[in-house]
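Each remark here refers to the structure printed beneath this line.
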2 protein chains.
Amino acid sequence: MKQITFDKVKLGGFWKSRNDINKSATIPTIYDRFSDTGRFDSLKCEWQEGMPHKPHIFWDSDIAKWIEAAAYTIQMEPDKDLEAKIDEAVDNLAAHQWEDGYINTYYTVVEPANRFTNRDNHELYCAGHLLEAAVAYYNATGKDKLLNIMKKYIDYIEKRFIIEDSALFNTPGHEEIELALIKLYNLTRDKKYLDMCRHFIDKRGTTEKDDKQKRNWIGHDYDQTHLPVRKQREAVGHSVRALYLYCGMADLALETGDKELFDACDALFDSAVFRRMYITGGVGATAHGERFADDFILPNDVAYAETCASIALAFFARRMSNIEPDSKYADAAEITIYNNSLAGVSLDGHSFFYVNPLEINLDRHNASKKFFESRANLLTQRIEVFDCSCCPPNISRMIASIGDFLYSMDDTTVYAHHYMESETEFDGIKIKQETRYPAHGGVRFTVSGMKGKKFAVRIPAWSSYTSLNGEKLNTDIKKGYAYLDVTEDEQVFDFYFEMKTRLVCANPMVDSDNGRVAVCRGPVVYCAESVLNDGIKLNTLSIKTPLEAGTQWDDSINGYKVIIKANEDKPCNELYKNYDPADVTEKEITMLPYYAFANNGESDMLIWFRHD
Amino acid sequence: MKQITFDKVKLGGFWKSRNDINKSATIPTIYDRFSDTGRFDSLKCEWQEGMPHKPHIFWDSDIAKWIEAAAYTIQMEPDKDLEAKIDEAVDNLAAHQWEDGYINTYYTVVEPANRFTNRDNHELYCAGHLLEAAVAYYNATGKDKLLNIMKKYIDYIEKRFIIEDSALFNTPGHEEIELALIKLYNLTRDKKYLDMCRHFIDKRGTTEKDDKQKRNWIGHDYDQTHLPVRKQREAVGHSVRALYLYCGMADLALETGDKELFDACDALFDSAVFRRMYITGGVGATAHGERFADDFILPNDVAYAETCASIALAFFARRMSNIEPDSKYADAAEITIYNNSLAGVSLDGHSFFYVNPLEINLDRHNASKKFFESRANLLTQRIEVFDCSCCPPNISRMIASIGDFLYSMDDTTVYAHHYMESETEFDGIKIKQETRYPAHGGVRFTVSGMKGKKFAVRIPAWSSYTSLNGEKLNTDIKKGYAYLDVTEDEQVFDFYFEMKTRLVCANPMVDSDNGRVAVCRGPVVYCAESVLNDGIKLNTLSIKTPLEAGTQWDDSINGYKVIIKANEDKPCNELYKNYDPADVTEKEITMLPYYAFANNGESDMLIWFRHD
């Protein structure tokens, strides 16, 4: 099966608007903030001790992800100014590539004697992101300067890690290069890159040279070296590291048909998604090592749920969809895309969350900082740049390449995994989607050039009733996909996925959500902000059941607000009093998509509400 | 008004049983553990650098509180063995009293050059507790050796802090000596001690010599020096320090009729009890400085609620009852006595809680230790001795002198503040209470020698219906007390306070308790332990309303268990699913008094339950 890439997809509707903001606001903002903070200048390698803006070990990756995002937009619509900015960065990189091929800003100017001595210092991670950027920029422009730089660097990495085995560690401390090597393999079809990917994946969790360097406080599971990857079944450790690894494993499984590797990926997916994922698609519950916590440990107000981790989960799920068409993958990708990932950027495109809380209670937050434990990482408002600013360019590149998620195909079947207003052309096939998704569940496909093939359409898990061309869908559903015969040169498949506003509860094992419900509509999780509800304390509300919900279109969020009925606990003077169910008043609550929260000023926010 | 002291009270029923355990188990256990840990031997002042059991700055106070508790039991029932142990300790103290009167084990052997240089080092706190012990032991036995030692030491303290003003600080870093000086004043009627108490109280929060020594991280409110005490209106800072101060303030107000001081006490009481107290009478919500948190910040699972703080609150409330007969004081004392304080000791009398959580969820607790913040202070089981072991002898002395709480009197009126099976004689008056309190709300008073006086009986705030001699009480109630005319030489007042099992809720401002209810019966707060309920996860239960509750007598807890009906969330396989109210099964929950929890093995425990 092969993925249809975003460049074949012309978006409209919800995602066109997001892409417009990404291009007009987000990419320039990130460029400006990365300039302010010395990241772009660091490529000139002029830094010396005592100067400001000391290069950080992960700065190359920040720039690389920005280049990648910018390249995707250029591929859809040329932009000479943006190209000039990228070319300048590439020229600086080229000027400071070592004779032997090595490139890394930090190790060139800060610790030139220590390259490849510390596996935790992100060299191979930076190499991976630069390689992704190189492939993207080549695809966008045909310019091969960065690509050639990176090929030379990859050769050097092969020499040090495989041919000579002279680096002081065996595998990257932060995975990423594995999936990047597959991108280079797919571009060049040079089997060497596939073999390098397999080398890093197979070596991982076997003998590591640098065991004595390991951070014992955090354990070998932190960077997924506790077991050989084929034996891993639980999503553990640093969540971004883990999910980039799983992406590489899935890529390798797709390219090689490695069933054992796929089975490991499938078990890891289930662990991450069905036992360790927030309802928003956030993963990595804890700030302590930015890690997955144990099954069902999903606290809402101290949730870590890094933007990068949910993006990585979406990338992993997309890869799994391309191996095995099981709707659990695209369902999970959809949840993370429309909720945790998209919440990572403000509606105006200028500011970002790194950590994505599922509850903000400012009183408790402030009391907790003052009287209980520190919550240094928990922001209640988005900001423009972080010291560790991986998330902003990551959400930017995801939005710019969101079309990647739509379709894949094999010899007999075209798979529609997601729904976006769009026109797509590939291999003589045209598919038009007319839809207001994610605001409405109607999706009208017009397909041409597919006569004789199957058209496999994912039925979203949340759809309470599905019709095709006005009648209840009666096709057999196989692992969540309806397989339809295409019998005409041009054929219309008019799907309707009933999108009711509904109440969702969590497994009773999730202590943090016991007795609570979340309001969802289609793939979108809703939340309430006190600032949009007369400053009310949200935990004094309980949603009335059965749910009474109305919708209200809002252009600014490109979707519906939801108005629901609740009871509010009446204020009282006593600290404790006899419980009286009559001590409540009716209250309407305005809820908005989680992806749109924190655009209205600092506020309490709640997803999981009590119910009556 | 004067308090009737415990030595006039012969207890039966619930409190006799508690006193028997206190005498037979708790006092010997504490003696043994204080011996094991070198506390008693430290009085010999033989410690030198390099030896084990280095004396701690507060060890004198630990021993003093144990002497005080032991003295109270001796006063009720002579015990030569116990006296011998106390005499040995007193002899050791006497042998190492300095020529000038100074006594402090730590400063004698560890820092002999530094006495009265560091206000945080508990010298005046230790002096206060030794003074309380001296008065108690003199009252119990007539032996005045310790009393004379302490008088000499108090003279020295007067010299250094008042006459010479040569100590490097003005007021105790940990209050306690203020209330102890009033005890010495009451024993001796020497006005000098009253004046010393007033000195320390009036000086506090004005100019402090040692401002530069102050722990800036924790603020001046930590030890209540942020304002002159008469201007203080909010209960802040270290909760035991605060409440011992308030005790001293109330004592001084009672002795001097100082209205301004009483008003401060009253406001501080309201702040502590009506905005910052757990339903169990626990105060000092946070481990961070063992402090009061802000209004309504009362988290259950990380509650600090130190045993000593609730005992100090009971002592403070008792003093306030003796100034102004307002039932809010005795109601609060009752809550703390029967819940947080009594939970501080195991049913067998051998082990203790320092911190008293209102919720234990072992899974979350362990995940929190592993993945989130450390919870070093939160114990889930009682232990026999702590490094800082103030609480065990404190609960012991409170139980031994619990009769102190019962009555006070003025020229015209005898006040009954609390209910305990007992016979009390004082000033030609006899009062017999026949009651199964706190298990039952019937209290039959037989009073004699009171003809012509008023008998003022507190009507507990929780009483849903009150009758006297079989008829609905129709006396006017003044600030919670029914004032009854005593017209016979011997007269029976047969009270019935209806004690329904009831559901209590918290003020909606208490975020931690929103949407939750606690089961209470009379003054007793109930909790459930998973270990007594088939290991169920308690947060998966919601109590059915209206409450359906049965009771079940249990000798081991000297009270009733309560059986209530609840719904349990059904287990499921999904992590998230559409909410269906039918996904529950009925479940009976066995609840037991909070004071009896953690006697059945390590377990989850919950007070605040969801309700339907």
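Chains: A, B, ... in order of the structure tokens. Residues: from 1 per chain. Ligands: from 1, in order shown.
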Run DSSP on the backbone and tell me which residues of segment 370-554 of chain B come out as alpha helix (DSSP H); list them as a PyMOL selection string. chain B and resi 370-371+391-400
Residues of chain A within 8 Å of chain B, using only C-alpha atoms, as a PDB file with N, CA and C atoms, in the first residue's frame?
ATOM      1  N   PHE A 274      -5.179   2.860  23.726  1.00  0.00           N
ATOM      2  CA  PHE A 274      -6.329   2.303  24.454  1.00  0.00           C
ATOM      3  C   PHE A 274      -6.121   2.218  25.959  1.00  0.00           C
ATOM      4  N   ARG A 275      -4.940   2.600  26.433  1.00  0.00           N
ATOM      5  CA  ARG A 275      -4.722   2.573  27.885  1.00  0.00           C
ATOM      6  C   ARG A 275      -4.004   3.812  28.420  1.00  0.00           C
ATOM      7  N   ILE A 279      -8.428  11.766  26.267  1.00  0.00           N
ATOM      8  CA  ILE A 279      -9.541  11.840  25.315  1.00  0.00           C
ATOM      9  C   ILE A 279      -9.232  12.796  24.169  1.00  0.00           C
ATOM     10  N   THR A 286       2.976  12.597  31.965  1.00  0.00           N
ATOM     11  CA  THR A 286       3.723  13.225  33.051  1.00  0.00           C
ATOM     12  C   THR A 286       4.931  14.035  32.599  1.00  0.00           C
ATOM     13  N   ALA A 287       5.142  15.135  33.287  1.00  0.00           N
ATOM     14  CA  ALA A 287       6.315  15.985  33.046  1.00  0.00           C
ATOM     15  C   ALA A 287       7.608  15.301  33.469  1.00  0.00           C
ATOM     16  N   HIS A 288       7.504  14.304  34.329  1.00  0.00           N
ATOM     17  CA  HIS A 288       8.688  13.606  34.845  1.00  0.00           C
ATOM     18  C   HIS A 288       9.292  12.757  33.729  1.00  0.00           C
ATOM     19  N   ALA A 293       2.821   7.599  31.467  1.00  0.00           N
ATOM     20  CA  ALA A 293       2.640   7.033  32.802  1.00  0.00           C
ATOM     21  C   ALA A 293       2.009   5.646  32.635  1.00  0.00           C
ATOM     22  N   ASP A 294       1.711   4.992  33.750  1.00  0.00           N
ATOM     23  CA  ASP A 294       1.137   3.649  33.691  1.00  0.00           C
ATOM     24  C   ASP A 294      -0.287   3.699  33.117  1.00  0.00           C
ATOM     25  N   ILE A 297      -3.456   6.133  34.136  1.00  0.00           N
ATOM     26  CA  ILE A 297      -3.009   7.267  34.955  1.00  0.00           C
ATOM     27  C   ILE A 297      -3.021   8.495  34.049  1.00  0.00           C
ATOM     28  N   ARG A 364      -6.818  26.825  42.002  1.00  0.00           N
ATOM     29  CA  ARG A 364      -6.108  25.645  42.461  1.00  0.00           C
ATOM     30  C   ARG A 364      -4.665  25.656  41.958  1.00  0.00           C
ATOM     31  N   ALA A 367      -2.823  28.101  44.103  1.00  0.00           N
ATOM     32  CA  ALA A 367      -2.641  27.530  45.443  1.00  0.00           C
ATOM     33  C   ALA A 367      -1.614  26.409  45.390  1.00  0.00           C
ATOM     34  N   PHE A 371       1.382  26.477  47.735  1.00  0.00           N
ATOM     35  CA  PHE A 371       1.307  25.644  48.932  1.00  0.00           C
ATOM     36  C   PHE A 371       1.662  24.178  48.715  1.00  0.00           C
ATOM     37  N   PHE A 372       1.588  23.705  47.489  1.00  0.00           N
ATOM     38  CA  PHE A 372       1.783  22.284  47.306  1.00  0.00           C
ATOM     39  C   PHE A 372       3.006  22.051  46.436  1.00  0.00           C
ATOM     40  N   GLU A 373       2.844  21.471  45.286  1.00  0.00           N
ATOM     41  CA  GLU A 373       4.012  21.172  44.484  1.00  0.00           C
ATOM     42  C   GLU A 373       4.160  22.201  43.363  1.00  0.00           C
ATOM     43  N   ARG A 502     -22.566  14.419  21.966  1.00  0.00           N
ATOM     44  CA  ARG A 502     -22.759  13.263  22.842  1.00  0.00           C
ATOM     45  C   ARG A 502     -21.903  13.371  24.093  1.00  0.00           C
ATOM     46  N   LEU A 503     -22.282  12.605  25.081  1.00  0.00           N
ATOM     47  CA  LEU A 503     -21.519  12.551  26.336  1.00  0.00           C
ATOM     48  C   LEU A 503     -20.665  11.291  26.338  1.00  0.00           C
ATOM     49  N   VAL A 504     -19.408  11.469  26.623  1.00  0.00           N
ATOM     50  CA  VAL A 504     -18.466  10.353  26.637  1.00  0.00           C
ATOM     51  C   VAL A 504     -17.963  10.182  28.064  1.00  0.00           C
ATOM     52  N   CYS A 505     -17.814   8.942  28.484  1.00  0.00           N
ATOM     53  CA  CYS A 505     -17.194   8.709  29.798  1.00  0.00           C
ATOM     54  C   CYS A 505     -15.931   7.889  29.598  1.00  0.00           C
ATOM     55  N   ALA A 506     -15.122   7.853  30.630  1.00  0.00           N
ATOM     56  CA  ALA A 506     -13.873   7.104  30.563  1.00  0.00           C
ATOM     57  C   ALA A 506     -14.049   5.760  31.253  1.00  0.00           C
ATOM     58  N   ASN A 507     -13.150   4.863  30.957  1.00  0.00           N
ATOM     59  CA  ASN A 507     -13.093   3.591  31.673  1.00  0.00           C
ATOM     60  C   ASN A 507     -13.030   3.866  33.178  1.00  0.00           C
ATOM     61  N   PRO A 508     -13.793   3.111  33.986  1.00  0.00           N
ATOM     62  CA  PRO A 508     -13.769   3.358  35.439  1.00  0.00           C
ATOM     63  C   PRO A 508     -12.371   3.271  36.056  1.00  0.00           C
ATOM     64  N   MET A 509     -11.440   2.627  35.365  1.00  0.00           N
ATOM     65  CA  MET A 509     -10.074   2.557  35.896  1.00  0.00           C
ATOM     66  C   MET A 509      -9.376   3.918  35.859  1.00  0.00           C
ATOM     67  N   ASP A 511      -9.152   6.919  37.241  1.00  0.00           N
ATOM     68  CA  ASP A 511      -9.553   7.579  38.473  1.00  0.00           C
ATOM     69  C   ASP A 511      -9.838   9.070  38.273  1.00  0.00           C
ATOM     70  N   ASN A 514     -13.450   9.587  36.946  1.00  0.00           N
ATOM     71  CA  ASN A 514     -14.581   8.876  37.551  1.00  0.00           C
ATOM     72  C   ASN A 514     -15.746   9.827  37.788  1.00  0.00           C
ATOM     73  N   GLY A 515     -16.923   9.392  37.338  1.00  0.00           N
ATOM     74  CA  GLY A 515     -18.125  10.180  37.580  1.00  0.00           C
ATOM     75  C   GLY A 515     -18.217  11.413  36.712  1.00  0.00           C
ATOM     76  N   VAL A 517     -18.125  13.276  32.655  1.00  0.00           N
ATOM     77  CA  VAL A 517     -18.392  13.071  31.233  1.00  0.00           C
ATOM     78  C   VAL A 517     -17.762  14.218  30.443  1.00  0.00           C
ATOM     79  N   ASN A 539     -16.170  23.600  38.114  1.00  0.00           N
ATOM     80  CA  ASN A 539     -16.436  22.380  38.864  1.00  0.00           C
ATOM     81  C   ASN A 539     -17.690  22.460  39.729  1.00  0.00           C
ATOM     82  N   THR A 540     -18.320  23.632  39.767  1.00  0.00           N
ATOM     83  CA  THR A 540     -19.594  23.721  40.500  1.00  0.00           C
ATOM     84  C   THR A 540     -20.766  23.367  39.585  1.00  0.00           C
ATOM     85  N   SER A 542     -22.837  20.666  37.058  1.00  0.00           N
ATOM     86  CA  SER A 542     -22.983  19.270  36.650  1.00  0.00           C
ATOM     87  C   SER A 542     -23.936  19.231  35.461  1.00  0.00           C
ATOM     88  N   ASP A 569     -24.142  24.507  41.471  1.00  0.00           N
ATOM     89  CA  ASP A 569     -24.314  24.494  42.928  1.00  0.00           C
ATOM     90  C   ASP A 569     -24.497  25.927  43.415  1.00  0.00           C
ATOM     91  N   LYS A 570     -25.512  26.126  44.251  1.00  0.00           N
ATOM     92  CA  LYS A 570     -25.756  27.475  44.771  1.00  0.00           C
ATOM     93  C   LYS A 570     -24.674  27.877  45.747  1.00  0.00           C
ATOM     94  N   PRO A 571     -24.270  29.123  45.706  1.00  0.00           N
ATOM     95  CA  PRO A 571     -23.323  29.600  46.718  1.00  0.00           C
ATOM     96  C   PRO A 571     -23.949  29.466  48.105  1.00  0.00           C
ATOM     97  N   CYS A 572     -23.134  29.317  49.131  1.00  0.00           N
ATOM     98  CA  CYS A 572     -23.677  29.273  50.489  1.00  0.00           C
ATOM     99  C   CYS A 572     -22.633  29.833  51.446  1.00  0.00           C
ATOM    100  N   ASN A 573     -23.046  30.082  52.658  1.00  0.00           N
ATOM    101  CA  ASN A 573     -22.132  30.657  53.650  1.00  0.00           C
ATOM    102  C   ASN A 573     -21.398  29.600  54.459  1.00  0.00           C
ATOM    103  N   GLU A 574     -22.041  28.443  54.636  1.00  0.00           N
ATOM    104  CA  GLU A 574     -21.429  27.401  55.461  1.00  0.00           C
ATOM    105  C   GLU A 574     -20.241  26.770  54.740  1.00  0.00           C
ATOM    106  N   LEU A 575     -19.299  26.281  55.517  1.00  0.00           N
ATOM    107  CA  LEU A 575     -18.221  25.496  54.913  1.00  0.00           C
ATOM    108  C   LEU A 575     -18.726  24.080  54.640  1.00  0.00           C
ATOM    109  N   TYR A 576     -19.500  23.527  55.573  1.00  0.00           N
ATOM    110  CA  TYR A 576     -20.133  22.216  55.373  1.00  0.00           C
ATOM    111  C   TYR A 576     -21.601  22.325  55.773  1.00  0.00           C
ATOM    112  N   LYS A 577     -22.462  21.634  55.053  1.00  0.00           N
ATOM    113  CA  LYS A 577     -23.889  21.669  55.381  1.00  0.00           C
ATOM    114  C   LYS A 577     -24.519  20.371  54.903  1.00  0.00           C
ATOM    115  N   ASN A 578     -25.723  20.087  55.396  1.00  0.00           N
ATOM    116  CA  ASN A 578     -26.415  18.895  54.934  1.00  0.00           C
ATOM    117  C   ASN A 578     -26.696  19.017  53.441  1.00  0.00           C
ATOM    118  N   TYR A 579     -26.465  17.916  52.747  1.00  0.00           N
ATOM    119  CA  TYR A 579     -26.675  17.906  51.304  1.00  0.00           C
ATOM    120  C   TYR A 579     -28.157  18.028  50.984  1.00  0.00           C
ATOM    121  N   ARG A 610     -18.748  16.952  35.854  1.00  0.00           N
ATOM    122  CA  ARG A 610     -19.692  16.136  36.616  1.00  0.00           C
ATOM    123  C   ARG A 610     -21.013  16.065  35.846  1.00  0.00           C
ATOM    124  N   ASP A 612     -25.415  14.897  36.396  1.00  0.00           N
ATOM    125  CA  ASP A 612     -26.395  14.585  37.447  1.00  0.00           C
ATOM    126  C   ASP A 612     -26.679  13.099  37.460  1.00  0.00           C
TER     127      ASP A 612
END
Pick out the residues sitting within 8 Å of Leu245 of chain B, and hand them over as an mmCIF file with all heavy atoms, in the first residue's frame; count only C-alpha atoms, and ignore anything fewer than 6 positions along from it in its own chain.
data_model
loop_
_atom_site.group_PDB
_atom_site.id
_atom_site.type_symbol
_atom_site.label_atom_id
_atom_site.label_comp_id
_atom_site.auth_asym_id
_atom_site.auth_seq_id
_atom_site.Cartn_x
_atom_site.Cartn_y
_atom_site.Cartn_z
ATOM 1 N N GLU B 175 5.428 29.125 69.066
ATOM 2 C CA GLU B 175 4.640 29.472 70.241
ATOM 3 C C GLU B 175 4.280 28.227 71.045
ATOM 4 O O GLU B 175 4.171 27.131 70.501
ATOM 5 C CB GLU B 175 3.370 30.217 69.824
ATOM 6 C CG GLU B 175 3.628 31.492 69.031
ATOM 7 C CD GLU B 175 3.612 31.273 67.533
ATOM 8 O OE1 GLU B 175 4.134 30.227 67.063
ATOM 9 O OE2 GLU B 175 3.066 32.135 66.814
ATOM 10 N N GLU B 176 4.074 28.436 72.339
ATOM 11 C CA GLU B 176 3.674 27.369 73.278
ATOM 12 C C GLU B 176 3.860 27.864 74.713
ATOM 13 O O GLU B 176 3.037 27.626 75.584
ATOM 14 C CB GLU B 176 4.517 26.092 73.052
ATOM 15 C CG GLU B 176 4.683 25.157 74.247
ATOM 16 C CD GLU B 176 3.380 24.493 74.698
ATOM 17 O OE1 GLU B 176 2.433 24.451 73.900
ATOM 18 O OE2 GLU B 176 3.296 24.056 75.861
ATOM 19 N N GLU B 178 3.458 30.695 75.927
ATOM 20 C CA GLU B 178 2.425 31.639 76.354
ATOM 21 C C GLU B 178 1.344 30.933 77.167
ATOM 22 O O GLU B 178 0.978 31.351 78.265
ATOM 23 C CB GLU B 178 1.798 32.342 75.137
ATOM 24 C CG GLU B 178 2.794 33.127 74.269
ATOM 25 C CD GLU B 178 3.510 32.282 73.221
ATOM 26 O OE1 GLU B 178 3.436 31.036 73.296
ATOM 27 O OE2 GLU B 178 4.155 32.876 72.335
ATOM 28 N N LEU B 179 0.814 29.841 76.592
ATOM 29 C CA LEU B 179 -0.268 29.130 77.288
ATOM 30 C C LEU B 179 0.262 28.426 78.528
ATOM 31 O O LEU B 179 -0.441 28.287 79.540
ATOM 32 C CB LEU B 179 -0.991 28.159 76.341
ATOM 33 C CG LEU B 179 -0.250 26.886 75.889
ATOM 34 C CD1 LEU B 179 -0.475 25.723 76.861
ATOM 35 C CD2 LEU B 179 -0.752 26.465 74.506
ATOM 36 N N ILE B 201 3.015 37.848 74.000
ATOM 37 C CA ILE B 201 1.903 38.017 73.061
ATOM 38 C C ILE B 201 1.888 39.428 72.464
ATOM 39 O O ILE B 201 1.719 39.601 71.251
ATOM 40 C CB ILE B 201 0.572 37.656 73.763
ATOM 41 C CG1 ILE B 201 0.471 36.128 73.820
ATOM 42 C CG2 ILE B 201 -0.628 38.278 73.054
ATOM 43 C CD1 ILE B 201 -0.712 35.575 74.558
#
Rank nothing, just name the residue among A:Ser310, A:Asn322, A:Thr466, A:Ser42 nearest to Ala253 of chain A, using only C-alpha atoms. A:Asn322
State, in Å with one decimal place, the distance from atom CA of Leu243 of chain B to atom CA of Cys390 of chain B.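 Straight-line distance from atom CA of Leu243 of chain B to atom CA of Cys390 of chain B works out to 14.7 Å.
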I'd like the neighbourhood of Ala69 of chain A as a compact mmCIF listing (two decimals) with N, CA and C atoms, in the first residue's frame, where a residue qualifies if any of its atoms comes within 12 Å (using only C-alpha atoms), though same-chain residues fewer than 6 positions away should be ignored.
# COMPACT_ATOMS: atom_id res chain seq x y z
N ASN A 19 -4.38 26.22 6.82
CA ASN A 19 -3.15 26.33 6.05
C ASN A 19 -2.82 27.78 5.70
N ASN A 22 -1.35 29.19 8.72
CA ASN A 22 -0.03 28.59 8.91
C ASN A 22 1.00 29.31 8.04
N LYS A 23 0.60 29.58 6.80
CA LYS A 23 1.52 30.23 5.86
C LYS A 23 1.70 31.72 6.17
N THR A 26 1.99 31.62 11.06
CA THR A 26 2.79 30.72 11.89
C THR A 26 4.23 30.61 11.38
N ILE A 27 4.39 30.38 10.10
CA ILE A 27 5.75 30.20 9.58
C ILE A 27 6.58 31.48 9.76
N PRO A 28 6.03 32.67 9.43
CA PRO A 28 6.79 33.90 9.72
C PRO A 28 7.06 34.11 11.21
N ILE A 30 7.39 31.89 13.62
CA ILE A 30 8.44 31.00 14.10
C ILE A 30 9.80 31.48 13.59
N TYR A 31 9.83 31.91 12.32
CA TYR A 31 11.10 32.42 11.78
C TYR A 31 11.60 33.61 12.61
N ASP A 62 15.22 22.39 15.50
CA ASP A 62 14.18 23.43 15.43
C ASP A 62 14.16 24.05 14.04
N ILE A 63 15.35 24.41 13.57
CA ILE A 63 15.45 25.04 12.25
C ILE A 63 15.01 24.06 11.16
N GLN A 75 5.91 23.96 -1.75
CA GLN A 75 5.55 22.93 -2.72
C GLN A 75 4.13 23.17 -3.26
N MET A 76 3.25 23.69 -2.43
CA MET A 76 1.89 23.98 -2.86
C MET A 76 1.78 25.33 -3.56
N LEU A 82 10.47 33.11 1.00
CA LEU A 82 10.66 31.99 1.93
C LEU A 82 11.83 31.13 1.45
N GLU A 83 11.89 30.90 0.14
CA GLU A 83 13.02 30.12 -0.41
C GLU A 83 14.34 30.79 -0.09
N ILE A 86 15.32 30.05 3.40
CA ILE A 86 15.80 28.67 3.54
C ILE A 86 17.19 28.54 2.92
N HIS A 129 16.09 15.23 11.63
CA HIS A 129 15.22 16.34 11.22
C HIS A 129 15.80 17.10 10.03
N LEU A 130 17.11 17.29 10.01
CA LEU A 130 17.72 17.96 8.85
C LEU A 130 17.49 17.13 7.58
N GLU A 132 14.91 15.10 7.03
CA GLU A 132 13.50 15.30 6.63
C GLU A 132 13.34 16.63 5.90
N ALA A 133 14.01 17.66 6.42
CA ALA A 133 13.94 18.98 5.79
C ALA A 133 14.54 18.93 4.39
N ALA A 134 15.66 18.23 4.24
CA ALA A 134 16.35 18.15 2.95
C ALA A 134 15.46 17.49 1.90
N VAL A 135 14.81 16.39 2.29
CA VAL A 135 13.93 15.68 1.36
C VAL A 135 12.75 16.59 1.00
N ALA A 136 12.19 17.25 2.01
CA ALA A 136 11.03 18.12 1.76
C ALA A 136 11.40 19.27 0.83
N TYR A 137 12.56 19.88 1.08
CA TYR A 137 12.95 21.04 0.27
C TYR A 137 13.31 20.62 -1.17
N ALA A 140 10.08 20.07 -2.91
CA ALA A 140 9.35 21.33 -3.14
C ALA A 140 9.98 22.12 -4.28
N PRO A 392 6.31 24.30 18.14
CA PRO A 392 5.77 25.21 17.12
C PRO A 392 6.05 24.78 15.68
N PRO A 393 7.30 24.47 15.30
CA PRO A 393 7.47 24.05 13.90
C PRO A 393 6.87 22.67 13.62
N ASN A 394 6.67 21.88 14.66
CA ASN A 394 6.09 20.55 14.45
C ASN A 394 4.62 20.67 14.05
N ILE A 395 3.86 21.50 14.78
CA ILE A 395 2.44 21.66 14.41
C ILE A 395 2.34 22.35 13.05
N SER A 396 3.32 23.24 12.77
CA SER A 396 3.32 23.93 11.47
C SER A 396 3.53 22.93 10.33
N ARG A 397 4.49 22.01 10.50
CA ARG A 397 4.73 21.05 9.40
C ARG A 397 3.56 20.08 9.30
N MET A 398 2.90 19.76 10.41
CA MET A 398 1.77 18.85 10.33
C MET A 398 0.62 19.49 9.56
N ILE A 399 0.34 20.76 9.86
CA ILE A 399 -0.75 21.44 9.15
C ILE A 399 -0.41 21.56 7.66
N ALA A 400 0.85 21.91 7.37
CA ALA A 400 1.24 22.11 5.97
C ALA A 400 1.15 20.82 5.16
N SER A 401 1.24 19.68 5.84
CA SER A 401 1.23 18.40 5.11
C SER A 401 0.03 17.55 5.52
N ILE A 402 -1.03 18.21 6.00
CA ILE A 402 -2.17 17.46 6.55
C ILE A 402 -2.81 16.55 5.49
For Asp485 of chain A, find every residue with an atom within 9 Å (counting only C-alpha atoms), except residues of its own chain fewer than 5 positions away, and show them as a ChimeraX atom specification. /A:451-456
Just the selected residues (N, CA and C atoms), exported as a JSON list (two decimals), in the first residue's frame, please.
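File written: again29.json
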[["chain", "number", "residue", "atom", "x", "y", "z"],
["A", 451, "LYS", "N", -12.88, 3.18, -11.94],
["A", 451, "LYS", "CA", -13.81, 2.11, -12.33],
["A", 451, "LYS", "C", -13.11, 0.75, -12.21],
["A", 452, "GLY", "N", -13.78, -0.20, -11.55],
["A", 452, "GLY", "CA", -13.19, -1.54, -11.38],
["A", 452, "GLY", "C", -12.42, -1.71, -10.08],
["A", 453, "LYS", "N", -12.12, -0.60, -9.46],
["A", 453, "LYS", "CA", -11.43, -0.70, -8.17],
["A", 453, "LYS", "C", -12.44, -0.68, -7.03],
["A", 454, "LYS", "N", -11.91, -0.96, -5.81],
["A", 454, "LYS", "CA", -12.71, -0.78, -4.60],
["A", 454, "LYS", "C", -12.39, 0.60, -4.01],
["A", 455, "PHE", "N", -13.42, 1.18, -3.45],
["A", 455, "PHE", "CA", -13.23, 2.43, -2.71],
["A", 455, "PHE", "C", -13.56, 2.11, -1.25],
["A", 456, "ALA", "N", -12.53, 2.16, -0.38],
["A", 456, "ALA", "CA", -12.72, 1.78, 1.03],
["A", 456, "ALA", "C", -12.79, 3.04, 1.88]]
So which residues of segment 199-427 of chain A fall under strand (DSSP E) by DSSP, listed as a list of chain:residue names?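 Filtering segment 199-427 of chain A down to strand (DSSP E) leaves A:Glu359, A:Ile360, A:Tyr407, A:Ser408, A:Met409, A:Thr413, A:Val414, A:Tyr415, A:Ala416, A:Ser422, A:Glu423, A:Thr424, A:Glu425, A:Phe426.
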